[in-house]
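Data file: my_file_15.cif. Format and content: mmCIF, C-alpha atoms and all ligand atoms.
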data_model
#
loop_
_atom_site.group_PDB
_atom_site.id
_atom_site.type_symbol
_atom_site.label_atom_id
_atom_site.label_comp_id
_atom_site.auth_asym_id
_atom_site.auth_seq_id
_atom_site.Cartn_x
_atom_site.Cartn_y
_atom_site.Cartn_z
ATOM 1 C CA THR Q 1 98.427 126.295 86.058
ATOM 2 C CA LYS Q 2 94.774 126.280 85.166
ATOM 3 C CA VAL Q 3 93.659 122.746 84.377
ATOM 4 C CA ARG Q 4 90.490 123.433 82.394
ATOM 5 C CA GLY Q 5 90.918 122.947 78.660
ATOM 6 C CA LYS Q 6 94.525 121.737 78.964
ATOM 7 C CA THR Q 7 95.754 118.392 77.668
ATOM 8 C CA ALA Q 8 97.351 116.170 80.310
ATOM 9 C CA PHE Q 9 99.560 113.114 79.743
ATOM 10 C CA ILE Q 10 99.653 110.661 82.648
ATOM 11 C CA THR Q 11 101.876 107.583 82.947
ATOM 12 C CA GLY Q 12 100.813 104.605 85.031
ATOM 13 C CA ALA Q 13 97.254 105.755 84.363
ATOM 14 C CA ALA Q 14 95.584 102.320 84.180
ATOM 15 C CA SER Q 15 95.619 101.977 87.951
ATOM 16 C CA GLY Q 16 96.036 103.587 91.326
ATOM 17 C CA ILE Q 17 97.247 107.162 91.706
ATOM 18 C CA GLY Q 18 97.650 107.713 87.945
ATOM 19 C CA LEU Q 19 94.117 106.582 87.165
ATOM 20 C CA ALA Q 20 92.644 108.587 90.047
ATOM 21 C CA THR Q 21 94.501 111.691 88.851
ATOM 22 C CA ALA Q 22 93.309 111.174 85.274
ATOM 23 C CA ARG Q 23 89.764 111.093 86.602
ATOM 24 C CA ALA Q 24 90.286 114.149 88.807
ATOM 25 C CA LEU Q 25 91.882 116.147 85.976
ATOM 26 C CA GLY Q 26 89.059 115.098 83.647
ATOM 27 C CA ALA Q 27 86.495 116.233 86.202
ATOM 28 C CA ARG Q 28 88.237 119.651 86.270
ATOM 29 C CA GLY Q 29 87.851 119.972 82.516
ATOM 30 C CA ALA Q 30 91.224 118.723 81.299
ATOM 31 C CA ARG Q 31 91.600 116.492 78.248
ATOM 32 C CA VAL Q 32 93.464 113.421 79.451
ATOM 33 C CA ILE Q 33 95.790 110.897 77.837
ATOM 34 C CA LEU Q 34 96.085 107.756 79.921
ATOM 35 C CA ALA Q 35 99.331 105.902 79.219
ATOM 36 C CA ASP Q 36 100.297 102.550 80.693
ATOM 37 C CA ILE Q 37 102.222 99.378 79.935
ATOM 38 C CA ASP Q 38 98.807 97.808 80.469
ATOM 39 C CA GLY Q 39 97.478 99.201 77.194
ATOM 40 C CA ALA Q 40 94.119 97.422 77.477
ATOM 41 C CA GLY Q 41 93.680 98.828 80.976
ATOM 42 C CA ALA Q 42 94.558 102.344 79.806
ATOM 43 C CA ARG Q 43 92.121 102.132 76.885
ATOM 44 C CA ALA Q 44 89.357 100.723 79.116
ATOM 45 C CA ALA Q 45 89.910 103.527 81.622
ATOM 46 C CA ALA Q 46 89.751 106.102 78.818
ATOM 47 C CA ASP Q 47 86.511 104.509 77.565
ATOM 48 C CA GLY Q 48 85.109 104.853 81.079
ATOM 49 C CA LEU Q 49 86.057 108.532 81.191
ATOM 50 C CA ARG Q 50 84.523 109.202 77.784
ATOM 51 C CA ALA Q 51 81.304 107.511 78.969
ATOM 52 C CA GLU Q 52 81.253 110.163 81.694
ATOM 53 C CA GLY Q 53 81.544 112.868 79.049
ATOM 54 C CA ARG Q 54 85.276 113.557 79.371
ATOM 55 C CA ASP Q 55 87.763 113.901 76.556
ATOM 56 C CA ALA Q 56 90.124 110.976 77.006
ATOM 57 C CA LEU Q 57 92.565 108.803 75.073
ATOM 58 C CA GLY Q 58 94.174 105.549 76.231
ATOM 59 C CA VAL Q 59 97.615 104.572 74.903
ATOM 60 C CA GLU Q 60 100.004 101.713 75.511
ATOM 61 C CA LEU Q 61 103.375 102.884 76.776
ATOM 62 C CA ASP Q 62 106.331 101.149 78.361
ATOM 63 C CA VAL Q 63 108.025 104.079 80.070
ATOM 64 C CA THR Q 64 111.375 102.273 79.972
ATOM 65 C CA ASP Q 65 111.381 102.049 76.171
ATOM 66 C CA GLU Q 66 112.313 105.126 74.161
ATOM 67 C CA ALA Q 67 110.696 103.790 70.963
ATOM 68 C CA SER Q 68 107.462 103.284 72.861
ATOM 69 C CA TRP Q 69 107.677 106.945 73.992
ATOM 70 C CA ALA Q 70 108.067 108.083 70.384
ATOM 71 C CA LYS Q 71 104.861 106.243 69.429
ATOM 72 C CA ALA Q 72 102.889 107.457 72.441
ATOM 73 C CA GLY Q 73 104.191 110.988 71.854
ATOM 74 C CA ASP Q 74 102.869 110.972 68.290
ATOM 75 C CA ALA Q 75 99.472 109.673 69.427
ATOM 76 C CA ALA Q 76 99.390 112.333 72.131
ATOM 77 C CA ARG Q 77 100.228 115.176 69.741
ATOM 78 C CA ASP Q 78 97.377 114.076 67.445
ATOM 79 C CA PHE Q 79 95.081 114.423 70.455
ATOM 80 C CA GLY Q 80 96.337 117.756 71.775
ATOM 81 C CA ALA Q 81 99.299 119.871 72.846
ATOM 82 C CA VAL Q 82 100.385 118.401 76.167
ATOM 83 C CA ARG Q 83 100.690 121.092 78.843
ATOM 84 C CA ILE Q 84 100.391 118.906 81.944
ATOM 85 C CA LEU Q 85 102.780 115.973 82.251
ATOM 86 C CA PHE Q 86 102.392 113.551 85.151
ATOM 87 C CA SER Q 87 105.373 111.183 85.211
ATOM 88 C CA ASN Q 88 103.969 108.721 87.688
ATOM 89 C CA ALA Q 89 104.383 105.089 86.612
ATOM 90 C CA GLY Q 90 106.229 103.141 89.238
ATOM 91 C CA VAL Q 91 107.079 99.655 90.430
ATOM 92 C CA GLY Q 92 108.591 98.327 93.588
ATOM 93 C CA GLY Q 93 110.579 95.215 94.036
ATOM 94 C CA GLY Q 94 113.470 93.504 95.714
ATOM 95 C CA SER Q 95 113.897 92.364 99.268
ATOM 96 C CA GLY Q 96 116.424 90.589 101.387
ATOM 97 C CA PRO Q 97 120.075 91.582 101.687
ATOM 98 C CA PHE Q 98 121.074 94.202 99.141
ATOM 99 C CA GLU Q 99 124.160 92.331 98.013
ATOM 100 C CA GLN Q 100 121.933 89.461 96.912
ATOM 101 C CA TYR Q 101 119.563 91.549 94.790
ATOM 102 C CA ASP Q 102 118.836 90.235 91.372
ATOM 103 C CA THR Q 103 120.464 92.600 88.884
ATOM 104 C CA GLU Q 104 117.299 92.708 86.788
ATOM 105 C CA VAL Q 105 115.212 93.700 89.812
ATOM 106 C CA TRP Q 106 117.622 96.558 90.465
ATOM 107 C CA ARG Q 107 117.623 97.729 86.833
ATOM 108 C CA TRP Q 108 113.839 97.410 86.581
ATOM 109 C CA ASN Q 109 113.263 99.688 89.578
ATOM 110 C CA TYR Q 110 115.604 102.338 88.198
ATOM 111 C CA ALA Q 111 114.340 102.062 84.629
ATOM 112 C CA VAL Q 112 110.686 102.564 85.554
ATOM 113 C CA ASN Q 113 110.978 104.787 88.626
ATOM 114 C CA ALA Q 114 113.913 107.003 87.717
ATOM 115 C CA HIS Q 115 115.240 106.848 84.155
ATOM 116 C CA ALA Q 116 111.771 107.126 82.605
ATOM 117 C CA HIS Q 117 111.501 110.771 83.689
ATOM 118 C CA LEU Q 118 114.165 111.625 81.109
ATOM 119 C CA TYR Q 119 112.144 110.032 78.316
ATOM 120 C CA ALA Q 120 108.967 111.729 79.549
ATOM 121 C CA CYS Q 121 110.665 115.122 79.518
ATOM 122 C CA ARG Q 122 112.382 114.458 76.192
ATOM 123 C CA THR Q 123 108.979 113.712 74.676
ATOM 124 C CA PHE Q 124 107.036 116.711 75.983
ATOM 125 C CA LEU Q 125 109.014 119.214 78.049
ATOM 126 C CA GLY Q 126 110.722 121.033 75.184
ATOM 127 C CA ASP Q 127 107.400 121.840 73.567
ATOM 128 C CA MET Q 128 105.858 122.817 76.907
ATOM 129 C CA LYS Q 129 108.699 125.322 77.453
ATOM 130 C CA ALA Q 130 108.686 126.629 73.890
ATOM 131 C CA SER Q 131 104.929 127.244 73.985
ATOM 132 C CA GLY Q 132 105.371 129.857 76.713
ATOM 133 C CA GLU Q 133 101.934 128.761 77.948
ATOM 134 C CA PRO Q 134 101.428 127.947 81.622
ATOM 135 C CA SER Q 135 102.353 124.281 81.876
ATOM 136 C CA HIS Q 136 103.019 121.833 84.662
ATOM 137 C CA LEU Q 137 105.246 118.837 85.268
ATOM 138 C CA VAL Q 138 104.519 116.499 88.186
ATOM 139 C CA MET Q 139 106.727 113.583 89.178
ATOM 140 C CA THR Q 140 105.840 110.868 91.660
ATOM 141 C CA SER Q 141 108.505 110.239 94.259
ATOM 142 C CA SER Q 142 107.491 108.869 97.665
ATOM 143 C CA MET Q 143 107.633 109.614 101.357
ATOM 144 C CA VAL Q 144 110.267 106.860 101.508
ATOM 145 C CA ALA Q 145 112.631 109.306 99.795
ATOM 146 C CA ILE Q 146 112.564 111.416 102.968
ATOM 147 C CA VAL Q 147 111.943 108.829 105.653
ATOM 148 C CA PRO Q 148 113.309 105.511 104.375
ATOM 149 C CA PRO Q 149 111.655 102.511 106.032
ATOM 150 C CA PRO Q 150 113.385 99.107 105.994
ATOM 151 C CA ILE Q 151 112.014 98.076 102.610
ATOM 152 C CA SER Q 152 113.534 97.564 99.160
ATOM 153 C CA VAL Q 153 116.813 99.464 98.688
ATOM 154 C CA ALA Q 154 116.161 99.513 94.947
ATOM 155 C CA TYR Q 155 112.728 101.089 95.370
ATOM 156 C CA ILE Q 156 113.798 103.626 97.991
ATOM 157 C CA SER Q 157 116.884 104.770 96.134
ATOM 158 C CA SER Q 158 115.054 105.060 92.799
ATOM 159 C CA LYS Q 159 112.496 107.278 94.554
ATOM 160 C CA TYR Q 160 115.368 109.424 95.915
ATOM 161 C CA ALA Q 161 116.498 109.712 92.310
ATOM 162 C CA THR Q 162 113.077 111.009 91.340
ATOM 163 C CA LEU Q 163 113.192 113.580 94.119
ATOM 164 C CA GLY Q 164 116.686 114.535 92.985
ATOM 165 C CA ILE Q 165 115.537 114.997 89.399
ATOM 166 C CA ALA Q 166 112.678 117.191 90.580
ATOM 167 C CA MET Q 167 114.956 119.279 92.820
ATOM 168 C CA ALA Q 168 117.384 119.879 89.954
ATOM 169 C CA LEU Q 169 114.642 120.586 87.413
ATOM 170 C CA ARG Q 170 113.047 123.036 89.803
ATOM 171 C CA ASN Q 171 116.105 125.256 89.320
ATOM 172 C CA GLU Q 172 116.248 124.664 85.592
ATOM 173 C CA LEU Q 173 112.583 125.526 85.083
ATOM 174 C CA ALA Q 174 112.497 128.480 87.463
ATOM 175 C CA GLU Q 175 112.517 131.095 84.685
ATOM 176 C CA SER Q 176 110.230 129.142 82.343
ATOM 177 C CA SER Q 177 106.464 128.924 81.966
ATOM 178 C CA VAL Q 178 106.597 125.355 83.288
ATOM 179 C CA ASP Q 179 105.850 124.808 86.961
ATOM 180 C CA ILE Q 180 106.953 121.651 88.687
ATOM 181 C CA SER Q 181 105.659 119.567 91.578
ATOM 182 C CA VAL Q 182 106.959 116.495 93.307
ATOM 183 C CA LEU Q 183 104.442 114.087 94.815
ATOM 184 C CA MET Q 184 105.546 112.517 98.100
ATOM 185 C CA PRO Q 185 102.777 110.122 99.133
ATOM 186 C CA GLY Q 186 102.794 107.805 102.110
ATOM 187 C CA MET Q 187 100.858 104.594 101.754
ATOM 188 C CA SER Q 188 98.034 104.278 99.288
ATOM 189 C CA ALA Q 189 95.713 101.386 98.590
ATOM 190 C CA THR Q 190 96.704 100.686 94.978
ATOM 191 C CA ARG Q 191 97.901 97.717 92.960
ATOM 192 C CA ILE Q 192 101.592 98.506 93.364
ATOM 193 C CA VAL Q 193 102.348 95.230 95.105
ATOM 194 C CA GLU Q 194 100.613 93.262 92.358
ATOM 195 C CA THR Q 195 102.689 95.115 89.774
ATOM 196 C CA THR Q 196 105.764 93.953 91.614
ATOM 197 C CA ARG Q 197 104.626 90.368 91.302
ATOM 198 C CA ASN Q 198 104.688 90.698 87.527
ATOM 199 C CA LEU Q 199 108.447 90.515 87.685
ATOM 200 C CA ARG Q 200 109.683 86.957 87.748
ATOM 201 C CA PRO Q 201 113.235 87.085 89.035
ATOM 202 C CA ALA Q 202 115.319 84.132 87.966
ATOM 203 C CA ARG Q 203 116.986 83.514 91.270
ATOM 204 C CA GLN Q 204 115.249 81.464 93.933
ATOM 205 C CA GLU Q 205 116.002 83.664 96.935
ATOM 206 C CA ILE Q 206 114.551 86.709 95.210
ATOM 207 C CA GLY Q 207 111.425 84.749 94.302
ATOM 208 C CA LYS Q 208 110.852 84.209 98.018
ATOM 209 C CA ALA Q 209 110.130 87.924 98.256
ATOM 210 C CA ALA Q 210 106.480 87.095 97.498
ATOM 211 C CA ALA Q 211 105.938 86.451 101.208
ATOM 212 C CA THR Q 212 107.177 89.936 102.073
ATOM 213 C CA SER Q 213 105.020 91.367 99.331
ATOM 214 C CA GLN Q 214 101.914 89.771 100.797
ATOM 215 C CA ALA Q 215 102.612 91.257 104.195
ATOM 216 C CA MET Q 216 103.243 94.591 102.500
ATOM 217 C CA GLN Q 217 100.025 94.251 100.558
ATOM 218 C CA GLY Q 218 98.144 93.960 103.841
ATOM 219 C CA VAL Q 219 99.733 97.163 105.119
ATOM 220 C CA LEU Q 220 99.168 99.043 101.871
ATOM 221 C CA ALA Q 221 95.522 97.926 101.736
ATOM 222 C CA GLY Q 222 94.956 100.182 104.733
ATOM 223 C CA GLY Q 223 96.557 103.114 102.914
ATOM 224 C CA MET Q 224 94.956 106.336 101.772
ATOM 225 C CA SER Q 225 92.533 106.280 98.876
ATOM 226 C CA PRO Q 226 94.281 107.267 95.625
ATOM 227 C CA ASP Q 227 91.383 109.660 94.983
ATOM 228 C CA ARG Q 228 92.448 111.790 97.958
ATOM 229 C CA ILE Q 229 96.010 111.909 96.666
ATOM 230 C CA ALA Q 230 94.766 112.787 93.171
ATOM 231 C CA ALA Q 231 92.756 115.688 94.557
ATOM 232 C CA ARG Q 232 95.956 117.089 96.117
ATOM 233 C CA VAL Q 233 97.829 116.674 92.828
ATOM 234 C CA VAL Q 234 95.199 118.701 90.980
ATOM 235 C CA GLU Q 235 95.205 121.344 93.711
ATOM 236 C CA ALA Q 236 99.005 121.633 93.563
ATOM 237 C CA ILE Q 237 98.904 122.034 89.773
ATOM 238 C CA GLU Q 238 96.308 124.784 90.049
ATOM 239 C CA LYS Q 239 98.100 126.581 92.895
ATOM 240 C CA GLY Q 240 101.623 126.057 91.544
ATOM 241 C CA GLU Q 241 102.879 124.236 94.638
ATOM 242 C CA TYR Q 242 106.187 122.383 94.406
ATOM 243 C CA TRP Q 243 105.918 119.946 97.322
ATOM 244 C CA ILE Q 244 102.879 117.691 97.456
ATOM 245 C CA PHE Q 245 102.677 116.057 100.863
ATOM 246 C CA THR Q 246 99.584 114.005 101.550
ATOM 247 C CA HIS Q 247 100.397 112.114 104.750
ATOM 248 C CA PRO Q 248 101.099 114.437 107.744
ATOM 249 C CA GLU Q 249 101.670 111.473 110.084
ATOM 250 C CA TRP Q 250 105.198 111.244 108.620
ATOM 251 C CA LYS Q 251 106.152 114.824 109.518
ATOM 252 C CA ALA Q 252 107.636 114.031 112.936
ATOM 253 C CA MET Q 253 109.872 111.369 111.344
ATOM 254 C CA ALA Q 254 110.884 113.799 108.601
ATOM 255 C CA GLU Q 255 111.915 116.252 111.309
ATOM 256 C CA LEU Q 256 114.036 113.610 113.018
ATOM 257 C CA VAL Q 257 115.778 112.724 109.748
ATOM 258 C CA THR Q 258 116.502 116.405 109.066
ATOM 259 C CA GLN Q 259 117.690 117.084 112.615
ATOM 260 C CA ASP Q 260 119.992 114.072 112.468
ATOM 261 C CA MET Q 261 121.550 115.493 109.316
ATOM 262 C CA LEU Q 262 121.836 119.090 110.551
ATOM 263 C CA ALA Q 263 123.331 117.954 113.857
ATOM 264 C CA ALA Q 264 126.159 116.313 111.918
ATOM 265 C CA PHE Q 265 127.362 119.670 110.504
ATOM 266 C CA GLY Q 266 130.492 120.624 112.427
ATOM 267 C CA PRO Q 267 133.053 123.377 112.094
ATOM 268 C CA SER Q 268 135.078 123.516 108.865
ATOM 269 C CA ALA Q 269 137.657 120.764 108.518
ATOM 270 C CA ASP Q 270 140.040 123.516 107.382
ATOM 271 C CA PRO Q 271 139.794 126.562 109.682
ATOM 272 C CA ALA Q 272 141.900 128.589 107.200
ATOM 273 C CA TYR Q 273 139.531 127.881 104.260
ATOM 274 C CA LYS Q 274 137.435 130.936 103.344
ATOM 275 C CA GLY Q 275 134.434 128.757 102.448
ATOM 276 C CA ASP Q 276 132.782 127.675 99.184
ATOM 277 C CA ASP Q 277 131.720 130.449 96.814
ATOM 278 C CA ILE Q 278 128.131 129.253 96.604
ATOM 279 C CA ASP Q 279 126.844 132.452 94.960
ATOM 280 C CA GLY Q 280 129.624 132.073 92.388
ATOM 281 C CA LEU Q 281 128.547 128.509 91.699
ATOM 282 C CA ILE Q 282 124.982 129.652 91.067
ATOM 283 C CA ARG Q 283 126.104 132.509 88.781
ATOM 284 C CA ALA Q 284 128.539 130.264 86.891
ATOM 285 C CA ASN Q 285 125.653 128.387 85.324
HETATM 286 P P1 LIG S 1 99.681 100.887 90.734
HETATM 287 O O1 LIG S 1 100.409 99.602 90.552
HETATM 288 O O2 LIG S 1 98.247 100.828 91.131
HETATM 289 O O3 LIG S 1 99.809 101.768 89.407
HETATM 290 C C1 LIG S 1 101.037 101.867 88.725
HETATM 291 C C2 LIG S 1 100.780 101.761 87.230
HETATM 292 O O4 LIG S 1 102.022 101.880 86.556
HETATM 293 C C3 LIG S 1 100.169 100.418 86.815
HETATM 294 O O5 LIG S 1 98.992 100.628 86.055
HETATM 295 C C4 LIG S 1 101.268 99.764 85.996
HETATM 296 O O6 LIG S 1 100.777 98.957 84.943
HETATM 297 C C5 LIG S 1 102.016 100.973 85.481
HETATM 298 N N1 LIG S 1 103.364 100.632 85.053
HETATM 299 C C6 LIG S 1 104.245 99.792 85.634
HETATM 300 N N2 LIG S 1 105.351 99.673 84.893
HETATM 301 C C7 LIG S 1 105.165 100.456 83.796
HETATM 302 C C8 LIG S 1 105.949 100.742 82.655
HETATM 303 N N3 LIG S 1 107.157 100.174 82.464
HETATM 304 N N4 LIG S 1 105.452 101.592 81.736
HETATM 305 C C9 LIG S 1 104.228 102.150 81.897
HETATM 306 N N5 LIG S 1 103.442 101.905 82.947
HETATM 307 C C10 LIG S 1 103.909 101.072 83.902
HETATM 308 O O7 LIG S 1 100.547 101.686 91.805
HETATM 309 P P2 LIG S 1 100.438 103.191 92.384
HETATM 310 O O8 LIG S 1 100.586 103.059 93.819
HETATM 311 O O9 LIG S 1 99.289 103.916 91.835
HETATM 312 O O10 LIG S 1 101.786 103.794 91.822
HETATM 313 C C11 LIG S 1 101.865 105.078 91.222
HETATM 314 C C12 LIG S 1 103.110 105.786 91.705
HETATM 315 O O11 LIG S 1 102.952 106.093 93.094
HETATM 316 C C13 LIG S 1 104.383 104.949 91.603
HETATM 317 O O12 LIG S 1 105.431 105.784 91.118
HETATM 318 C C14 LIG S 1 104.643 104.546 93.037
HETATM 319 O O13 LIG S 1 106.005 104.297 93.274
HETATM 320 C C15 LIG S 1 104.145 105.765 93.767
HETATM 321 N N6 LIG S 1 103.871 105.587 95.196
HETATM 322 C C16 LIG S 1 102.937 104.680 95.626
HETATM 323 C C17 LIG S 1 102.691 104.538 96.974
HETATM 324 C C18 LIG S 1 101.697 103.556 97.482
HETATM 325 O O14 LIG S 1 101.648 103.329 98.692
HETATM 326 N N7 LIG S 1 100.874 102.972 96.637
HETATM 327 C C19 LIG S 1 103.404 105.331 97.972
HETATM 328 C C20 LIG S 1 104.336 106.285 97.403
HETATM 329 C C21 LIG S 1 104.553 106.391 96.074
#
What's the structure tokens form of this structure?
Amino acid sequence: TKVRGKTAFITGAASGIGLATARALGARGARVILADIDGAGARAAADGLRAEGRDALGVELDVTDEASWAKAGDAARDFGAVRILFSNAGVGGGSGPFEQYDTEVWRWNYAVNAHAHLYACRTFLGDMKASGEPSHLVMTSSMVAIVPPPISVAYISSKYATLGIAMALRNELAESSVDISVLMPGMSATRIVETTRNLRPARQEIGKAAATSQAMQGVLAGGMSPDRIAARVVEAIEKGEYWIFTHPEWKAMAELVTQDMLAAFGPSADPAYKGDDIDGLIRAN
């Protein structure tokens, strides 16, 4: 999908990967709508882009709130017909034993990282499809959805959900004018750990997670610049690439995970069974 002249809507655009991608898309001649729960941050970032001569709009949006989507959608449509949708806002939280997770921490991860893609698509995807114009949907998953490190179960599993949504939508959109990409970054030096701190879990033991977050912040501070990741996102949109991998140092681990899975395939549990009609399943839809 050619970026120049298109209108792009980016969630989580006040900071990190979203902001860097808004800048990169703007530099390639796209008109950009920066949406974030940090409305002041989104508007300030849009002001900055306009000062550089780009066409930009900042809007406040809580991606977990359908009414907020309706408002942001209206503001977006006044600005332009969205043809690039980057569903990117994300948070990460929860540590310690899974069975002790605060329910709100769990719901928060899923609401922002996973469920919000439905609202994003409900707001823009129908029109993108109906336009018949080359359009592009990008969703931010994470390398942790392929190689899960021993960090938050809530975060990791919500990122698997995002990958799952992208995998399923890839089929659904195959015959449409909408291309799809899934972004699978490793570590990036962004404010994600600070965002996590904005949640104030009620229960004491969850509050103690701040210590873990600080250690994590140190590790993430050494991560890749979000600008490099943004450049790959723009390239993938222009080339129509589905997978966006940015961190090759994870490839050997990804191979191990895949091998572990493939090695577990054995002979059929029922030697008399003729096997699943997979072609039939595909045609049945
Ligand atoms: P960031 O914290 O710098 O930016 C995330 C933005 O999302 C913030 O501006 C925040 O205000 C916004 N946001 C949070 N909750 C929101 C909500 N309910 N509605 C609207 N906006 C909301 O973090 P970063 O790293 O740029 O995160 C972007 C995406 O990249 C996330 O989906 C994250 O999970 C993913 N990611 C980040 C990695 C990293 O190492 N930083 C690695 C892999 C994936």
Determine, for each residue of chain Q having at least one atom at most 6 Å from an atom of ligand LIG 1 (chain S), the closest pair of atoms and their separation in Å to one decimal, counting only C-alpha atoms and all ligand atoms; order by chain and ascending number, as JSON lines.
{"residue": "Q:Thr11", "atom": "CA", "partner": "S:LIG1", "partner_atom": "N5", "distance": 5.9}
{"residue": "Q:Gly12", "atom": "CA", "partner": "S:LIG1", "partner_atom": "O4", "distance": 3.3}
{"residue": "Q:Ala13", "atom": "CA", "partner": "S:LIG1", "partner_atom": "O5", "distance": 5.7}
{"residue": "Q:Ala14", "atom": "CA", "partner": "S:LIG1", "partner_atom": "O5", "distance": 4.2}
{"residue": "Q:Ser15", "atom": "CA", "partner": "S:LIG1", "partner_atom": "O5", "distance": 4.1}
{"residue": "Q:Gly16", "atom": "CA", "partner": "S:LIG1", "partner_atom": "O9", "distance": 3.3}
{"residue": "Q:Ile17", "atom": "CA", "partner": "S:LIG1", "partner_atom": "O9", "distance": 3.8}
{"residue": "Q:Gly18", "atom": "CA", "partner": "S:LIG1", "partner_atom": "O9", "distance": 5.7}
{"residue": "Q:Asp36", "atom": "CA", "partner": "S:LIG1", "partner_atom": "N5", "distance": 3.9}
{"residue": "Q:Ile37", "atom": "CA", "partner": "S:LIG1", "partner_atom": "C9", "distance": 3.9}
{"residue": "Q:Asp38", "atom": "CA", "partner": "S:LIG1", "partner_atom": "O6", "distance": 5.0}
{"residue": "Q:Leu61", "atom": "CA", "partner": "S:LIG1", "partner_atom": "C9", "distance": 5.2}
{"residue": "Q:Asp62", "atom": "CA", "partner": "S:LIG1", "partner_atom": "N4", "distance": 3.5}
{"residue": "Q:Val63", "atom": "CA", "partner": "S:LIG1", "partner_atom": "N4", "distance": 3.9}
{"residue": "Q:Thr64", "atom": "CA", "partner": "S:LIG1", "partner_atom": "N3", "distance": 5.3}
{"residue": "Q:Asn88", "atom": "CA", "partner": "S:LIG1", "partner_atom": "O12", "distance": 4.7}
{"residue": "Q:Ala89", "atom": "CA", "partner": "S:LIG1", "partner_atom": "O4", "distance": 4.0}
{"residue": "Q:Gly90", "atom": "CA", "partner": "S:LIG1", "partner_atom": "O12", "distance": 3.3}
{"residue": "Q:Val91", "atom": "CA", "partner": "S:LIG1", "partner_atom": "O13", "distance": 5.5}
{"residue": "Q:Val112", "atom": "CA", "partner": "S:LIG1", "partner_atom": "N3", "distance": 5.3}
{"residue": "Q:Thr140", "atom": "CA", "partner": "S:LIG1", "partner_atom": "O12", "distance": 5.1}
{"residue": "Q:Ser141", "atom": "CA", "partner": "S:LIG1", "partner_atom": "C21", "distance": 5.8}
{"residue": "Q:Ser142", "atom": "CA", "partner": "S:LIG1", "partner_atom": "C20", "distance": 4.1}
{"residue": "Q:Pro185", "atom": "CA", "partner": "S:LIG1", "partner_atom": "C20", "distance": 4.5}
{"residue": "Q:Gly186", "atom": "CA", "partner": "S:LIG1", "partner_atom": "C19", "distance": 4.9}
{"residue": "Q:Met187", "atom": "CA", "partner": "S:LIG1", "partner_atom": "O14", "distance": 3.4}
{"residue": "Q:Ser188", "atom": "CA", "partner": "S:LIG1", "partner_atom": "O14", "distance": 3.8}
{"residue": "Q:Ala189", "atom": "CA", "partner": "S:LIG1", "partner_atom": "N7", "distance": 5.7}
{"residue": "Q:Thr190", "atom": "CA", "partner": "S:LIG1", "partner_atom": "O2", "distance": 4.1}
{"residue": "Q:Arg191", "atom": "CA", "partner": "S:LIG1", "partner_atom": "O2", "distance": 3.6}
{"residue": "Q:Ile192", "atom": "CA", "partner": "S:LIG1", "partner_atom": "O1", "distance": 3.2}
{"residue": "Q:Thr195", "atom": "CA", "partner": "S:LIG1", "partner_atom": "O1", "distance": 5.1}
{"residue": "Q:Leu220", "atom": "CA", "partner": "S:LIG1", "partner_atom": "O14", "distance": 5.9}
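Note that CA of Asp276 (chain Q) and CA of Ala264 (chain Q) are 18.3 Å apart.
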Pick the closest to Arg107 (chain Q) from Q:Ile278, Q:Ala252, Q:Ala166, Q:Ala154: which is it, counting all atoms listed in the file?
Q:Ala154
Do a neighbour search on Ile10 (chain Q) at 6 Å with all atoms listed in the file, toss out local chain neighbours closer than 4 positions, and write the hits as a PyMOL selection string.
chain Q and resi 34-35+86
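When all atoms listed in the file are used to measure the gap to Leu25 (chain Q), the shortest distance among Q:Arg170, Q:His115, Q:Arg77, Q:Lys6 belongs to Q:Lys6.
Considering the residues Q:Ile180, Q:Leu173, Q:Arg228, Q:Val144 and counting only C-alpha atoms, Ala254 (chain Q) has its shortest atom-to-atom contact with Q:Val144.
Distance-wise, CA of Leu163 (chain Q) and CA of Val182 (chain Q) end up 6.9 Å apart.
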Return as lines of an AutoDock Vina configuration file the centre and edge lengths, in Å with one decimal, of the box along x, y and z that encloses every atom of region 258-266 of chain Q in the file, padded by 5 Å per side.
center_x = 123.5
center_y = 117.3
center_z = 111.5
size_x = 24.0
size_y = 16.6
size_z = 14.8
List as number ranges by chain the protein and nucleic acid residues near Ile151 (chain Q), meaning an atom at most 10 Å away when all atoms listed in the file are counted, but skip any in the same chain fewer than 5 places from it.
Q: 92-96, 144, 156, 212, 216
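Relative to CA of Gly41 (chain Q), CA of Ala24 (chain Q) is found at 17.5 Å.
Residue nearest Ile229 (chain Q), chosen from Q:Ala20, Q:Ile84, Q:Ala114, Q:Ala27 and counting all atoms listed in the file: Q:Ala20.
With only C-alpha atoms as the atoms that count, the minimum distance from Ile33 (chain Q) to the choices Q:Met253, Q:Leu49, Q:Leu169, Q:Val153 is reached by Q:Leu49.
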Residues matched by the PyMOL selection byres (((chain Q and resi 55) around 8) and not hetatm) as a compact mmCIF listing (two decimals) with C-alpha atoms, in the coordinates of the input:
# COMPACT_ATOMS: atom_id res chain seq x y z
CA GLY Q 26 89.06 115.10 83.65
CA ALA Q 30 91.22 118.72 81.30
CA ARG Q 31 91.60 116.49 78.25
CA VAL Q 32 93.46 113.42 79.45
CA LEU Q 49 86.06 108.53 81.19
CA ARG Q 50 84.52 109.20 77.78
CA GLY Q 53 81.54 112.87 79.05
CA ARG Q 54 85.28 113.56 79.37
CA ALA Q 56 90.12 110.98 77.01
CA LEU Q 57 92.56 108.80 75.07
Looking at all atoms listed in the file, which of Q:Ser87, Q:Ser152, Q:Ser135, Q:Asn171 is the one that sits closest to Arg122 (chain Q)?
Q:Ser87
Which polymer residues have any atom within 7 Å of an atom of Ser177 (chain Q), counting all atoms listed in the file, with same-chain residues fewer than 5 positions away left out, as a list in words?
Lys129, Gly132, Glu133, Pro134 and Ser135 of chain Q
